>>> print(open('data_22.cif').read())   # mmCIF, C-alpha atoms
data_run
loop_
_atom_site.label_atom_id
_atom_site.label_comp_id
_atom_site.auth_asym_id
_atom_site.auth_seq_id
_atom_site.Cartn_x
_atom_site.Cartn_y
_atom_site.Cartn_z
CA MET A 1 21.48 14.16 -8.84
CA ALA A 2 25.02 13.01 -8.16
CA ILE A 3 25.69 13.27 -4.47
CA ALA A 4 29.12 14.23 -3.24
CA VAL A 5 29.29 11.83 -0.32
CA VAL A 6 31.52 13.18 2.37
CA ASN A 7 32.19 10.95 5.32
CA ARG A 8 31.62 12.60 8.63
CA ARG A 9 33.78 12.28 11.70
CA ILE A 10 31.84 11.30 14.80
CA GLU A 11 32.81 10.93 18.42
CA VAL A 12 30.51 8.59 20.30
CA THR A 13 30.89 7.19 23.79
CA VAL A 14 29.55 3.66 23.72
CA ASN A 15 29.26 1.74 26.99
CA GLY A 16 31.65 4.20 28.57
CA LYS A 17 34.33 3.90 25.90
CA ALA A 18 35.05 6.79 23.52
CA HIS A 19 35.08 6.00 19.80
CA VAL A 20 36.14 8.26 16.96
CA ASP A 21 35.10 7.12 13.51
CA GLU A 22 34.39 8.36 10.04
CA VAL A 23 31.02 7.25 8.75
CA GLU A 24 28.90 7.79 5.70
CA PRO A 25 26.06 10.13 6.74
CA ARG A 26 23.45 7.53 5.82
CA THR A 27 24.88 5.01 8.30
CA LEU A 28 22.22 4.03 10.82
CA LEU A 29 23.15 3.92 14.49
CA ILE A 30 22.29 0.20 14.67
CA GLN A 31 24.51 -0.43 11.67
CA TYR A 32 27.37 1.53 13.24
CA LEU A 33 27.07 -0.37 16.52
CA ARG A 34 26.89 -3.80 14.90
CA GLU A 35 29.21 -3.41 11.93
CA ASN A 36 31.78 -0.82 13.02
CA LEU A 37 31.98 -1.62 16.71
CA ASP A 38 31.04 -5.32 16.50
CA LEU A 39 28.43 -4.86 19.22
CA THR A 40 25.93 -7.37 17.89
CA GLY A 41 23.78 -7.61 21.01
CA SER A 42 21.39 -5.01 19.64
CA HIS A 43 19.30 -6.69 16.97
CA VAL A 44 17.70 -5.60 13.73
CA GLY A 45 14.15 -6.88 13.71
CA CYS A 46 11.63 -5.06 11.54
CA ASP A 47 13.97 -2.22 10.48
CA THR A 48 10.93 0.08 10.39
CA SER A 49 10.86 1.40 13.99
CA ASN A 50 8.02 -0.90 14.95
CA CYS A 51 9.52 -3.87 16.81
CA GLY A 52 12.04 -2.30 19.20
CA ALA A 53 14.66 -5.07 18.87
CA CYS A 54 17.26 -2.37 18.12
CA THR A 55 16.48 -0.33 21.27
CA VAL A 56 19.53 1.28 22.92
CA LEU A 57 19.93 4.19 25.30
CA LEU A 58 20.98 7.48 23.69
CA ASP A 59 22.03 9.97 26.35
CA GLY A 60 20.15 7.83 28.83
CA VAL A 61 16.80 7.39 27.12
CA SER A 62 15.54 4.53 24.98
CA VAL A 63 15.55 5.01 21.21
CA LYS A 64 15.12 2.75 18.22
CA SER A 65 18.59 2.75 16.70
CA CYS A 66 17.30 1.71 13.27
CA THR A 67 15.72 5.16 13.03
CA VAL A 68 18.66 7.23 14.24
CA LEU A 69 21.62 8.15 12.06
CA ALA A 70 25.06 7.54 13.48
CA VAL A 71 25.83 11.21 12.80
CA GLN A 72 22.92 12.15 15.06
CA ALA A 73 24.68 10.30 17.90
CA ASP A 74 27.82 12.40 17.46
CA GLU A 75 29.01 13.69 20.85
CA CYS A 76 26.42 11.54 22.60
CA ALA A 77 26.59 8.58 24.98
CA VAL A 78 25.14 5.25 23.86
CA THR A 79 24.45 2.28 26.11
CA THR A 80 23.79 -1.13 24.58
CA ILE A 81 22.95 -4.45 26.21
CA GLU A 82 26.69 -5.19 26.35
CA GLY A 83 27.22 -2.19 28.62
CA LEU A 84 24.50 -2.89 31.14
CA ALA A 85 26.08 -5.37 33.55
CA ASP A 86 28.54 -4.22 36.18
CA GLY A 87 31.35 -6.70 35.64
CA ASP A 88 29.88 -10.11 36.46
CA THR A 89 26.87 -8.58 38.18
CA PHE A 90 23.78 -8.32 36.05
CA HIS A 91 21.74 -5.14 35.96
CA PRO A 92 18.51 -5.68 37.96
CA VAL A 93 16.48 -5.81 34.74
CA GLN A 94 18.78 -8.49 33.31
CA GLN A 95 18.51 -10.42 36.58
CA GLY A 96 14.74 -10.06 36.45
CA PHE A 97 14.68 -11.72 33.03
CA VAL A 98 16.71 -14.59 34.53
CA GLU A 99 14.54 -14.92 37.63
CA LYS A 100 11.23 -14.83 35.77
CA HIS A 101 12.39 -16.52 32.57
CA GLY A 102 11.46 -13.43 30.59
CA LEU A 103 12.42 -14.85 27.22
CA GLN A 104 11.72 -17.65 24.82
CA CYS A 105 13.70 -17.37 21.56
CA GLY A 106 15.58 -14.36 22.94
CA TYR A 107 15.60 -12.24 19.80
CA CYS A 108 13.62 -9.36 21.26
CA THR A 109 15.32 -9.61 24.65
CA PRO A 110 18.14 -7.04 24.34
CA GLY A 111 15.74 -4.39 23.07
CA MET A 112 13.12 -5.38 25.63
CA ILE A 113 15.66 -5.03 28.44
CA MET A 114 16.93 -1.64 27.25
CA ALA A 115 13.36 -0.36 26.91
CA ALA A 116 12.63 -1.60 30.43
CA VAL A 117 15.74 0.12 31.83
CA SER A 118 14.56 3.43 30.38
CA LEU A 119 10.99 2.84 31.58
CA LEU A 120 12.12 2.14 35.16
CA ASP A 121 14.42 5.14 35.08
CA GLU A 122 11.39 7.35 34.35
CA ASN A 123 8.94 5.43 36.50
CA PRO A 124 10.75 3.33 39.14
CA HIS A 125 7.59 1.70 40.52
CA PRO A 126 5.23 1.15 37.61
CA THR A 127 1.95 -0.71 37.84
CA GLU A 128 1.51 -3.78 35.65
CA GLN A 129 -0.55 -1.66 33.25
CA GLU A 130 2.17 1.00 33.10
CA ILE A 131 4.74 -1.69 32.30
CA ARG A 132 2.56 -3.06 29.52
CA GLU A 133 2.08 0.42 28.05
CA GLY A 134 5.74 1.25 28.59
CA ILE A 135 6.91 -1.65 26.42
CA GLU A 136 4.31 -1.12 23.71
CA GLY A 137 7.15 -0.28 21.34
CA ASN A 138 8.73 -3.72 21.72
CA LEU A 139 7.28 -6.78 20.04
CA CYS A 140 7.86 -10.35 21.22
CA ARG A 141 6.76 -12.70 18.46
CA CYS A 142 6.94 -15.66 20.82
CA THR A 143 4.26 -13.54 22.57
CA GLY A 144 5.82 -14.27 25.94
CA TYR A 145 4.73 -10.97 27.40
CA LYS A 146 3.54 -12.37 30.73
CA ASN A 147 7.02 -13.35 31.89
CA ILE A 148 8.55 -10.20 30.43
CA VAL A 149 6.16 -8.06 32.48
CA ASP A 150 6.92 -10.21 35.55
CA ALA A 151 10.66 -9.75 34.92
CA ILE A 152 10.32 -5.96 34.80
CA GLN A 153 8.21 -6.01 37.95
CA TRP A 154 10.89 -8.12 39.64
CA ALA A 155 13.50 -5.55 38.62
CA ALA A 156 11.39 -2.69 39.99
CA GLU A 157 11.09 -4.50 43.31
CA ASN A 158 14.78 -5.42 43.48
CA SER A 159 16.53 -2.25 42.30
CA MET B 1 17.31 -0.83 4.79
CA ILE B 2 19.73 2.03 4.35
CA PRO B 3 18.69 5.40 2.92
CA ALA B 4 20.11 6.57 -0.41
CA SER B 5 23.24 8.70 -0.11
CA PHE B 6 22.88 12.31 0.91
CA GLU B 7 25.03 15.21 1.97
CA TYR B 8 24.78 15.98 5.67
CA VAL B 9 25.09 19.48 7.11
CA ARG B 10 24.43 20.60 10.65
CA ALA B 11 22.70 23.91 11.30
CA GLU B 12 24.28 26.02 14.02
CA SER B 13 21.36 28.44 14.39
CA VAL B 14 17.89 29.10 13.01
CA ASP B 15 19.27 31.70 10.59
CA HIS B 16 21.98 29.27 9.50
CA ALA B 17 19.31 26.63 8.82
CA VAL B 18 17.39 29.13 6.67
CA SER B 19 20.51 30.09 4.72
CA LEU B 20 21.27 26.40 4.15
CA LEU B 21 17.71 25.94 2.87
CA GLN B 22 18.25 28.87 0.49
CA GLU B 23 21.57 27.44 -0.64
CA HIS B 24 20.34 23.91 -1.33
CA GLY B 25 16.82 24.64 -2.55
CA GLU B 26 14.37 21.82 -3.05
CA GLU B 27 17.09 19.16 -2.78
CA ALA B 28 17.23 19.80 0.96
CA LYS B 29 15.13 18.46 3.81
CA LEU B 30 15.30 19.43 7.45
CA LEU B 31 16.12 16.67 9.93
CA ALA B 32 14.83 17.03 13.50
CA GLY B 33 14.16 13.78 15.38
CA GLY B 34 13.94 11.99 12.06
CA HIS B 35 11.02 9.79 13.05
CA SER B 36 8.86 10.80 10.09
CA LEU B 37 11.63 11.46 7.57
CA LEU B 38 14.07 8.59 8.14
CA PRO B 39 11.47 5.81 7.69
CA LEU B 40 10.47 7.43 4.37
CA MET B 41 14.11 7.67 3.32
CA LYS B 42 14.77 4.03 4.22
CA LEU B 43 11.83 3.02 2.01
CA ARG B 44 13.15 5.41 -0.68
CA LEU B 45 9.84 7.25 -0.63
CA ALA B 46 11.96 10.31 0.09
CA GLN B 47 15.40 10.82 -1.36
CA PRO B 48 16.68 14.26 -0.40
CA GLY B 49 20.12 15.22 -1.69
CA VAL B 50 20.94 17.22 1.41
CA LEU B 51 19.88 16.73 5.00
CA ILE B 52 20.07 19.83 7.18
CA ASP B 53 20.24 18.62 10.77
CA ILE B 54 18.48 21.09 13.07
CA GLY B 55 18.43 18.61 15.96
CA ARG B 56 20.98 20.53 18.02
CA LEU B 57 19.22 23.88 18.06
CA GLY B 58 18.58 23.67 21.80
CA ASP B 59 16.75 27.02 21.83
CA LEU B 60 13.90 25.30 20.01
CA ALA B 61 13.49 22.52 22.56
CA ASN B 62 11.64 24.24 25.37
CA ILE B 63 8.15 24.93 26.63
CA ARG B 64 7.42 28.36 28.08
CA ASP B 65 4.63 30.54 29.39
CA ASP B 66 3.75 33.17 26.80
CA GLY B 67 0.89 35.26 28.21
CA ASP B 68 -2.40 33.81 26.98
CA MET B 69 -0.51 31.06 25.17
CA VAL B 70 2.05 28.37 25.87
CA SER B 71 4.92 28.38 23.38
CA ILE B 72 6.29 24.97 22.47
CA GLY B 73 9.62 24.95 20.64
CA ALA B 74 9.47 22.93 17.45
CA LEU B 75 12.21 20.54 18.62
CA THR B 76 10.43 19.62 21.83
CA HIS B 77 10.11 15.85 22.05
CA HIS B 78 6.70 14.27 22.52
CA ALA B 79 7.85 12.86 25.88
CA GLN B 80 8.71 16.36 27.13
CA ILE B 81 5.28 17.62 26.09
CA GLU B 82 3.56 14.63 27.68
CA HIS B 83 5.19 15.33 31.05
CA SER B 84 5.29 19.16 30.97
CA PRO B 85 3.68 20.51 34.18
CA LEU B 86 2.84 23.76 32.38
CA LEU B 87 1.02 22.05 29.52
CA ARG B 88 -0.67 19.56 31.82
CA GLN B 89 -2.06 22.55 33.71
CA GLU B 90 -2.88 24.88 30.84
CA CYS B 91 -3.61 22.72 27.80
CA ARG B 92 -4.05 19.16 28.93
CA VAL B 93 -5.44 17.93 25.63
CA VAL B 94 -2.06 18.63 24.01
CA SER B 95 0.06 16.96 26.69
CA HIS B 96 -2.27 13.97 26.80
CA THR B 97 -2.25 13.53 23.04
CA ALA B 98 1.55 13.78 22.88
CA GLY B 99 1.52 10.72 25.14
CA GLN B 100 -0.58 8.85 22.57
CA VAL B 101 1.98 9.24 19.77
CA GLY B 102 3.82 6.07 18.77
CA ASP B 103 5.57 4.40 21.70
CA LEU B 104 8.02 5.39 24.43
CA GLN B 105 11.10 5.22 22.20
CA VAL B 106 9.38 7.20 19.45
CA ARG B 107 8.25 9.84 21.95
CA HIS B 108 11.85 10.20 23.14
CA ARG B 109 13.02 11.14 19.63
CA GLY B 110 10.03 12.47 17.71
CA THR B 111 9.39 16.21 17.88
CA ILE B 112 6.18 18.23 17.71
CA GLY B 113 7.66 20.40 14.96
CA GLY B 114 8.58 17.38 12.89
CA SER B 115 5.13 15.91 13.30
CA VAL B 116 3.45 19.18 12.34
CA ALA B 117 5.76 20.04 9.44
CA HIS B 118 5.44 16.51 8.04
CA GLY B 119 1.73 17.19 7.66
CA ASP B 120 0.44 13.62 7.88
CA SER B 121 -3.30 13.66 8.52
CA ALA B 122 -2.95 10.33 10.36
CA SER B 123 -0.84 12.03 13.04
CA ASP B 124 -2.49 12.86 16.33
CA LEU B 125 -1.08 16.26 17.25
CA PRO B 126 -1.99 18.20 14.08
CA THR B 127 -5.68 17.45 14.66
CA VAL B 128 -5.52 18.60 18.26
CA LEU B 129 -3.60 21.74 17.30
CA LEU B 130 -6.30 22.50 14.74
CA ALA B 131 -9.05 22.04 17.33
CA VAL B 132 -7.42 24.36 19.89
CA ASP B 133 -6.59 27.05 17.30
CA ALA B 134 -2.82 26.76 17.69
CA VAL B 135 -0.51 29.16 15.87
CA MET B 136 2.55 27.97 13.96
CA VAL B 137 5.54 30.31 13.94
CA ALA B 138 7.78 30.04 10.88
CA HIS B 139 11.14 31.68 10.30
CA GLY B 140 12.39 32.43 6.80
CA PRO B 141 14.64 34.84 4.90
CA GLU B 142 12.11 37.66 5.37
CA GLY B 143 11.81 37.09 9.10
CA THR B 144 9.12 35.50 11.19
CA ARG B 145 5.44 34.95 10.40
CA GLU B 146 2.59 33.35 12.25
CA ILE B 147 0.31 30.87 10.53
CA PRO B 148 -2.98 29.80 12.15
CA ALA B 149 -3.39 26.02 12.31
CA SER B 150 -6.51 26.38 10.14
CA ASP B 151 -4.32 27.69 7.28
CA PHE B 152 -1.28 25.50 7.93
CA PHE B 153 -2.23 22.08 6.57
CA THR B 154 -2.75 22.39 2.84
CA GLY B 155 -2.68 18.85 1.43
CA PHE B 156 -1.37 15.32 1.81
CA TRP B 157 2.07 15.79 3.46
CA GLU B 158 1.85 19.46 2.43
CA THR B 159 1.87 22.54 4.61
CA ALA B 160 1.96 26.32 4.23
CA LEU B 161 5.70 26.33 4.95
CA THR B 162 7.76 27.42 1.96
CA ASP B 163 10.95 25.64 0.88
CA VAL B 164 13.05 28.21 2.75
CA GLU B 165 11.09 28.36 5.99
CA LEU B 166 11.69 26.61 9.29
CA LEU B 167 8.92 25.93 11.80
CA THR B 168 10.28 27.24 15.10
CA THR B 169 7.42 27.39 17.58
CA ILE B 170 3.91 26.08 18.10
CA LYS B 171 1.77 28.34 20.28
CA VAL B 172 -1.25 26.83 21.99
CA PRO B 173 -3.88 28.79 23.92
CA LYS B 174 -4.27 28.33 27.65
CA LEU B 175 -7.47 26.38 28.23
CA PRO B 176 -7.16 25.35 31.89
CA ASN B 177 -10.89 24.87 32.40
CA ALA B 178 -11.82 23.36 29.06
CA GLY B 179 -13.41 19.93 28.80
CA TRP B 180 -11.48 17.76 26.40
CA SER B 181 -11.08 14.28 24.98
CA TYR B 182 -8.92 12.62 22.34
CA GLN B 183 -10.20 9.28 21.11
CA LYS B 184 -7.70 7.28 19.08
CA PHE B 185 -8.67 4.02 17.45
CA ASN B 186 -5.98 1.66 16.21
CA ARG B 187 -5.26 -2.05 16.07
CA ARG B 188 -1.90 -2.02 17.84
CA ALA B 189 -1.02 0.38 20.64
CA GLN B 190 1.91 1.97 18.81
CA ASP B 191 0.17 2.47 15.45
CA TRP B 192 -1.14 5.56 13.76
CA ALA B 193 -4.80 6.26 14.30
CA ILE B 194 -7.11 4.49 11.88
CA VAL B 195 -9.37 7.36 12.93
CA GLY B 196 -9.00 9.83 15.78
CA ALA B 197 -11.41 12.41 17.18
CA VAL B 198 -10.78 15.31 19.51
CA ALA B 199 -13.36 17.40 21.33
CA VAL B 200 -12.49 20.60 23.16
CA LYS B 201 -15.28 22.32 25.09
CA ASN B 202 -14.54 25.85 26.17
CA GLY B 203 -17.89 27.60 25.93
CA THR B 204 -18.53 26.25 22.45
CA THR B 205 -17.29 22.83 21.41
CA ARG B 206 -14.75 22.23 18.67
CA ILE B 207 -14.21 18.86 17.06
CA GLY B 208 -11.25 17.64 15.05
CA LEU B 209 -10.78 14.44 13.04
CA THR B 210 -7.59 12.48 12.42
CA ASN B 211 -7.13 10.47 9.22
CA MET B 212 -10.49 11.36 7.69
CA GLY B 213 -9.03 13.18 4.66
CA SER B 214 -5.77 14.42 3.22
CA ILE B 215 -5.42 16.98 6.03
CA PRO B 216 -6.62 17.13 9.64
CA LEU B 217 -10.24 18.27 9.61
CA ARG B 218 -12.72 20.11 11.79
CA ALA B 219 -16.05 18.33 12.05
CA THR B 220 -17.95 21.52 11.28
CA ALA B 221 -21.29 19.76 10.82
CA VAL B 222 -21.11 18.37 14.36
CA GLU B 223 -20.12 21.77 15.75
CA ALA B 224 -23.05 23.41 13.96
CA ALA B 225 -25.48 20.76 15.19
CA LEU B 226 -24.35 21.28 18.79
CA GLN B 227 -24.74 25.05 18.39
CA ALA B 228 -28.27 24.45 17.16
CA GLY B 229 -29.05 22.44 20.28
CA ALA B 230 -28.79 18.87 18.96
CA SER B 231 -28.21 16.03 21.42
CA LEU B 232 -24.70 14.57 21.59
CA SER B 233 -25.69 11.43 19.73
CA ASP B 234 -27.58 13.37 17.04
CA ALA B 235 -24.62 15.71 16.61
CA ALA B 236 -22.14 12.84 16.43
CA ALA B 237 -24.27 11.18 13.74
CA VAL B 238 -23.13 13.81 11.21
CA ALA B 239 -19.40 13.42 12.02
CA ALA B 240 -18.52 12.05 8.59
CA GLU B 241 -20.12 14.94 6.67
CA GLY B 242 -17.62 16.86 4.62
CA THR B 243 -14.86 14.28 5.13
CA ASN B 244 -12.96 12.31 2.51
CA ALA B 245 -11.80 9.24 4.35
CA PRO B 246 -9.01 7.15 2.85
CA ALA B 247 -9.36 3.42 2.24
CA ASP B 248 -6.38 1.20 3.02
CA VAL B 249 -5.36 -2.08 4.63
CA ASN B 250 -6.75 -0.88 7.97
CA GLY B 251 -10.23 -0.15 6.74
CA SER B 252 -12.57 1.09 4.03
CA ALA B 253 -13.81 4.66 3.80
CA ALA B 254 -17.22 3.53 5.06
CA TYR B 255 -15.64 1.86 8.08
CA ARG B 256 -13.73 5.04 8.87
CA GLU B 257 -16.94 7.07 8.59
CA HIS B 258 -18.54 4.71 11.09
CA LEU B 259 -15.54 5.10 13.39
CA ALA B 260 -15.73 8.88 13.12
CA ARG B 261 -19.34 8.87 14.30
CA VAL B 262 -18.59 6.54 17.21
CA LEU B 263 -15.39 8.29 18.28
CA VAL B 264 -16.91 11.76 18.07
CA ARG B 265 -19.77 10.64 20.29
CA ARG B 266 -17.32 9.21 22.82
CA ALA B 267 -15.19 12.35 22.67
CA LEU B 268 -18.22 14.59 23.22
CA GLU B 269 -19.31 12.50 26.19
CA GLU B 270 -15.86 12.51 27.76
CA ALA B 271 -15.38 16.25 27.16
CA GLY B 272 -18.70 16.91 28.90
CA SER B 273 -20.22 18.72 25.93
#
>>> encode(input="data_22.cif", output="structure tokens")
Amino acid sequence: MAIAVVNRRIEVTVNGKAHVDEVEPRTLLIQYLRENLDLTGSHVGCDTSNCGACTVLLDGVSVKSCTVLAVQADECAVTTIEGLADGDTFHPVQQGFVEKHGLQCGYCTPGMIMAAVSLLDENPHPTEQEIREGIEGNLCRCTGYKNIVDAIQWAAENS
Amino acid sequence: MIPASFEYVRAESVDHAVSLLQEHGEEAKLLAGGHSLLPLMKLRLAQPGVLIDIGRLGDLANIRDDGDMVSIGALTHHAQIEHSPLLRQECRVVSHTAGQVGDLQVRHRGTIGGSVAHGDSASDLPTVLLAVDAVMVAHGPEGTREIPASDFFTGFWETALTDVELLTTIKVPKLPNAGWSYQKFNRRAQDWAIVGAVAVKNGTTRIGLTNMGSIPLRATAVEAALQAGASLSDAAAVAAEGTNAPADVNGSAAYREHLARVLVRRALEEAGS
């Protein structure tokens, strides 16, 4: 069937800044962030909602932006890794990844941090087991989970 | 991976969604959280011409006390169900199982209605809803009808919903004193169940199986054995009877049958049957 593609106007607040754009309905949120807004901190990993590299906050909660359409984010607030620090001051979760060296190659790191921010928002003082279960949707193929868990624990203790 | 092109329309109400379904016919698919549909569209396993976005129908995203039942709006996210004080009190097996779906990000977006209407027998909640005798409420051009869970799942990714019906509510019975257990076996924490088994003991014991056929199943042979006075392990030994387990990269049919027997035994023990 021939599809009459009609671009859709969306208004999205990303990292506190309002954006108005016209997008094809099939545009994924990750694609919109990276290609339209040039916010390339959020990564595409598996592209199948398994790995979590594309995790951003949508209205304050973590989502996998490879499995959200940009049109679904219309009139919503998005926070990406670029919007987390307060000026030159890292967010406690970012600082935790510095303190505990919570990364190796760094590819999973932005998604891991955004997932951790959402986790700590819901459960500010998680046990180690709760942290491990809370980041089950984020894969680190360097398998450096020990330091990532330590980094999130550091953030919980220093928020 | 980007889905094939489609026309996007946003429903403003349940009736509007139904009229859009009537207008667009079988070309249309409903979009809720999108966590079953969008992955299929990205893989081009689904290619709807029109997506009707029902994600903003806030009236369908609540959990409320409904006499002997708890009514869960179809757009309620798994995370809301997992943490609902009402469901944790009245039907803990449902709130617990919602917390076993996917991962945190998936539970923030995925909805119970989407999971149920998608009709994947590897999903956790349909099996539990079958075991507790949930009722699905559908709205269509002729009004509203209630469909018992036992009649709802009709085939692989197929349900009793017609092309012009919208699932609006899932009603689960209050079972505050029931023993329960959901046993999910998978290789990675976030994956679908290779096999899952639920036991709900409220007087009699009801058993459900995840991913042991094209639809969620009741383990009727186990239930009958328990009624006849069999021991838990003897009852669990017949868990694979009447099933039609799939074979795939995660395991053969025989392996799944083995898992069903083991998981049913564990579920019976945990539920205190």
>>> resolve_selection(input="data_22.cif", expression="the PyMOL selection byres ((chain B and resi 18) around 8)", output="PDB file with C-alpha atoms, keeping the file's coordinate frame")
ATOM      1  CA  VAL B  14      17.890  29.100  13.010  1.00  0.00           C
ATOM      2  CA  ASP B  15      19.270  31.700  10.590  1.00  0.00           C
ATOM      3  CA  HIS B  16      21.980  29.270   9.500  1.00  0.00           C
ATOM      4  CA  ALA B  17      19.310  26.630   8.820  1.00  0.00           C
ATOM      5  CA  SER B  19      20.510  30.090   4.720  1.00  0.00           C
ATOM      6  CA  LEU B  20      21.270  26.400   4.150  1.00  0.00           C
ATOM      7  CA  LEU B  21      17.710  25.940   2.870  1.00  0.00           C
ATOM      8  CA  GLN B  22      18.250  28.870   0.490  1.00  0.00           C
ATOM      9  CA  HIS B 139      11.140  31.680  10.300  1.00  0.00           C
ATOM     10  CA  GLY B 140      12.390  32.430   6.800  1.00  0.00           C
ATOM     11  CA  PRO B 141      14.640  34.840   4.900  1.00  0.00           C
ATOM     12  CA  VAL B 164      13.050  28.210   2.750  1.00  0.00           C
ATOM     13  CA  GLU B 165      11.090  28.360   5.990  1.00  0.00           C
ATOM     14  CA  LEU B 166      11.690  26.610   9.290  1.00  0.00           C
TER      15      LEU B 166
END
>>> resolve_selection(input="data_22.cif", expression="the PyMOL selection byres ((chain B and resi 236) around 9)", output="list in words")
Ala221, Val222, Ala225, Ser231, Leu232, Ser233, Asp234, Ala235, Ala237, Val238, Ala239, Ala240, Ala260, Arg261, Val262, Leu263, Val264, Arg265, Arg266 and Leu268 of chain B
>>> residues_around(input="data_22.cif", residues="segment 75-86 of chain A", least_positions_apart="3", cutoff="6 Å", atoms="all atoms listed in the file", output="PyMOL selection string")
chain A and resi 11-15+56-59+89-91+110
>>> resolve_selection(input="data_22.cif", expression="the PyMOL selection byres ((chain A and resi 70) around 6)", output="MDAnalysis selection string")
chainID A and resid 27:29 69 71:73
>>> atom_distance(input="data_22.cif", atom1="atom CA of Asp47 of chain A", atom2="atom CA of Asp150 of chain A")
27.2 Å
>>> closest_atom_pairs(input="data_22.cif", of="chain A", to="chain B", cutoff="7 Å", atoms="all atoms listed in the file", output="Markdown table")
| residue | atom | partner | partner_atom | distance |
| --- | --- | --- | --- | --- |
| A:Ile3 | CA | B:Phe6 | CA | 6.1 |
| A:Ala4 | CA | B:Glu7 | CA | 6.7 |
| A:Val5 | CA | B:Glu7 | CA | 5.9 |
| A:Val6 | CA | B:Glu7 | CA | 6.8 |
| A:Pro25 | CA | B:Tyr8 | CA | 6.1 |
| A:Arg26 | CA | B:Pro3 | CA | 6.0 |
| A:Asp47 | CA | B:Met1 | CA | 6.7 |
| A:Thr48 | CA | B:Pro39 | CA | 6.4 |
| A:Val61 | CA | B:His108 | CA | 6.9 |
| A:Ser62 | CA | B:Gln105 | CA | 5.3 |
| A:Val63 | CA | B:Gln105 | CA | 4.6 |
| A:Lys64 | CA | B:Gln105 | CA | 6.2 |
| A:Thr67 | CA | B:Leu38 | CA | 6.2 |
| A:Gly134 | CA | B:Leu104 | CA | 6.3 |
| A:Glu136 | CA | B:Asp103 | CA | 6.0 |
| A:Gly137 | CA | B:Asp103 | CA | 5.0 |
>>> residues_around(input="data_22.cif", residues="Gln100 of chain B", least_positions_apart="4", cutoff="12 Å", atoms="only C-alpha atoms", output="PyMOL selection string")
(chain A and resi 133-134+136) or (chain B and resi 78-79+81-82+93-96+104+106-107+123-125+128+182-186+188-193+196)
>>> write_last_selection(input="data_22.cif", atoms="C-alpha atoms", output="compact mmCIF listing (two decimals), in the frame of the given file")
# COMPACT_ATOMS: atom_id res chain seq x y z
CA GLU A 133 2.08 0.42 28.05
CA GLY A 134 5.74 1.25 28.59
CA GLU A 136 4.31 -1.12 23.71
CA HIS B 78 6.70 14.27 22.52
CA ALA B 79 7.85 12.86 25.88
CA ILE B 81 5.28 17.62 26.09
CA GLU B 82 3.56 14.63 27.68
CA VAL B 93 -5.44 17.93 25.63
CA VAL B 94 -2.06 18.63 24.01
CA SER B 95 0.06 16.96 26.69
CA HIS B 96 -2.27 13.97 26.80
CA LEU B 104 8.02 5.39 24.43
CA VAL B 106 9.38 7.20 19.45
CA ARG B 107 8.25 9.84 21.95
CA SER B 123 -0.84 12.03 13.04
CA ASP B 124 -2.49 12.86 16.33
CA LEU B 125 -1.08 16.26 17.25
CA VAL B 128 -5.52 18.60 18.26
CA TYR B 182 -8.92 12.62 22.34
CA GLN B 183 -10.20 9.28 21.11
CA LYS B 184 -7.70 7.28 19.08
CA PHE B 185 -8.67 4.02 17.45
CA ASN B 186 -5.98 1.66 16.21
CA ARG B 188 -1.90 -2.02 17.84
CA ALA B 189 -1.02 0.38 20.64
CA GLN B 190 1.91 1.97 18.81
CA ASP B 191 0.17 2.47 15.45
CA TRP B 192 -1.14 5.56 13.76
CA ALA B 193 -4.80 6.26 14.30
CA GLY B 196 -9.00 9.83 15.78
>>> atom_distance(input="data_22.cif", atom1="atom CA of Asn50 of chain A", atom2="atom CA of Asn250 of chain B")
16.3 Å
>>> residues_around(input="data_22.cif", residues="Cys140 of chain A", least_positions_apart="3", cutoff="12 Å", atoms="all atoms listed in the file", output="PyMOL selection string")
chain A and resi 45-46+50-53+102-113+135-137+143-149
>>> atom_distance(input="data_22.cif", atom1="atom CA of Asp68 of chain B", atom2="atom CA of Cys91 of chain B")
11.2 Å
>>> axis_aligned_box(input="data_22.cif", around="segment 71-86 of chain A", padding_each_side="5 Å", output="AutoDock Vina command-line options")
--center_x 26.0 --center_y 4.2 --center_z 24.5 --size_x 16.1 --size_y 29.1 --size_z 33.4
>>> residues_near_point(input="data_22.cif", point="(8.8, 2.2, 40.1)", cutoff="12 Å", atoms="only C-alpha atoms", output="JSON, numbers by chain")
{"A": [116, 117, 118, 119, 120, 121, 122, 123, 124, 125, 126, 127, 128, 130, 131, 134, 152, 153, 154, 155, 156, 157, 158, 159]}
>>> write_last_selection(input="data_22.cif", atoms="C-alpha atoms", output="short mmCIF file (atom, residue, chain, number, x, y, z; two decimals), in the coordinates of the input")
data_model
loop_
_atom_site.label_atom_id
_atom_site.label_comp_id
_atom_site.auth_asym_id
_atom_site.auth_seq_id
_atom_site.Cartn_x
_atom_site.Cartn_y
_atom_site.Cartn_z
CA ALA A 116 12.63 -1.60 30.43
CA VAL A 117 15.74 0.12 31.83
CA SER A 118 14.56 3.43 30.38
CA LEU A 119 10.99 2.84 31.58
CA LEU A 120 12.12 2.14 35.16
CA ASP A 121 14.42 5.14 35.08
CA GLU A 122 11.39 7.35 34.35
CA ASN A 123 8.94 5.43 36.50
CA PRO A 124 10.75 3.33 39.14
CA HIS A 125 7.59 1.70 40.52
CA PRO A 126 5.23 1.15 37.61
CA THR A 127 1.95 -0.71 37.84
CA GLU A 128 1.51 -3.78 35.65
CA GLU A 130 2.17 1.00 33.10
CA ILE A 131 4.74 -1.69 32.30
CA GLY A 134 5.74 1.25 28.59
CA ILE A 152 10.32 -5.96 34.80
CA GLN A 153 8.21 -6.01 37.95
CA TRP A 154 10.89 -8.12 39.64
CA ALA A 155 13.50 -5.55 38.62
CA ALA A 156 11.39 -2.69 39.99
CA GLU A 157 11.09 -4.50 43.31
CA ASN A 158 14.78 -5.42 43.48
CA SER A 159 16.53 -2.25 42.30
#
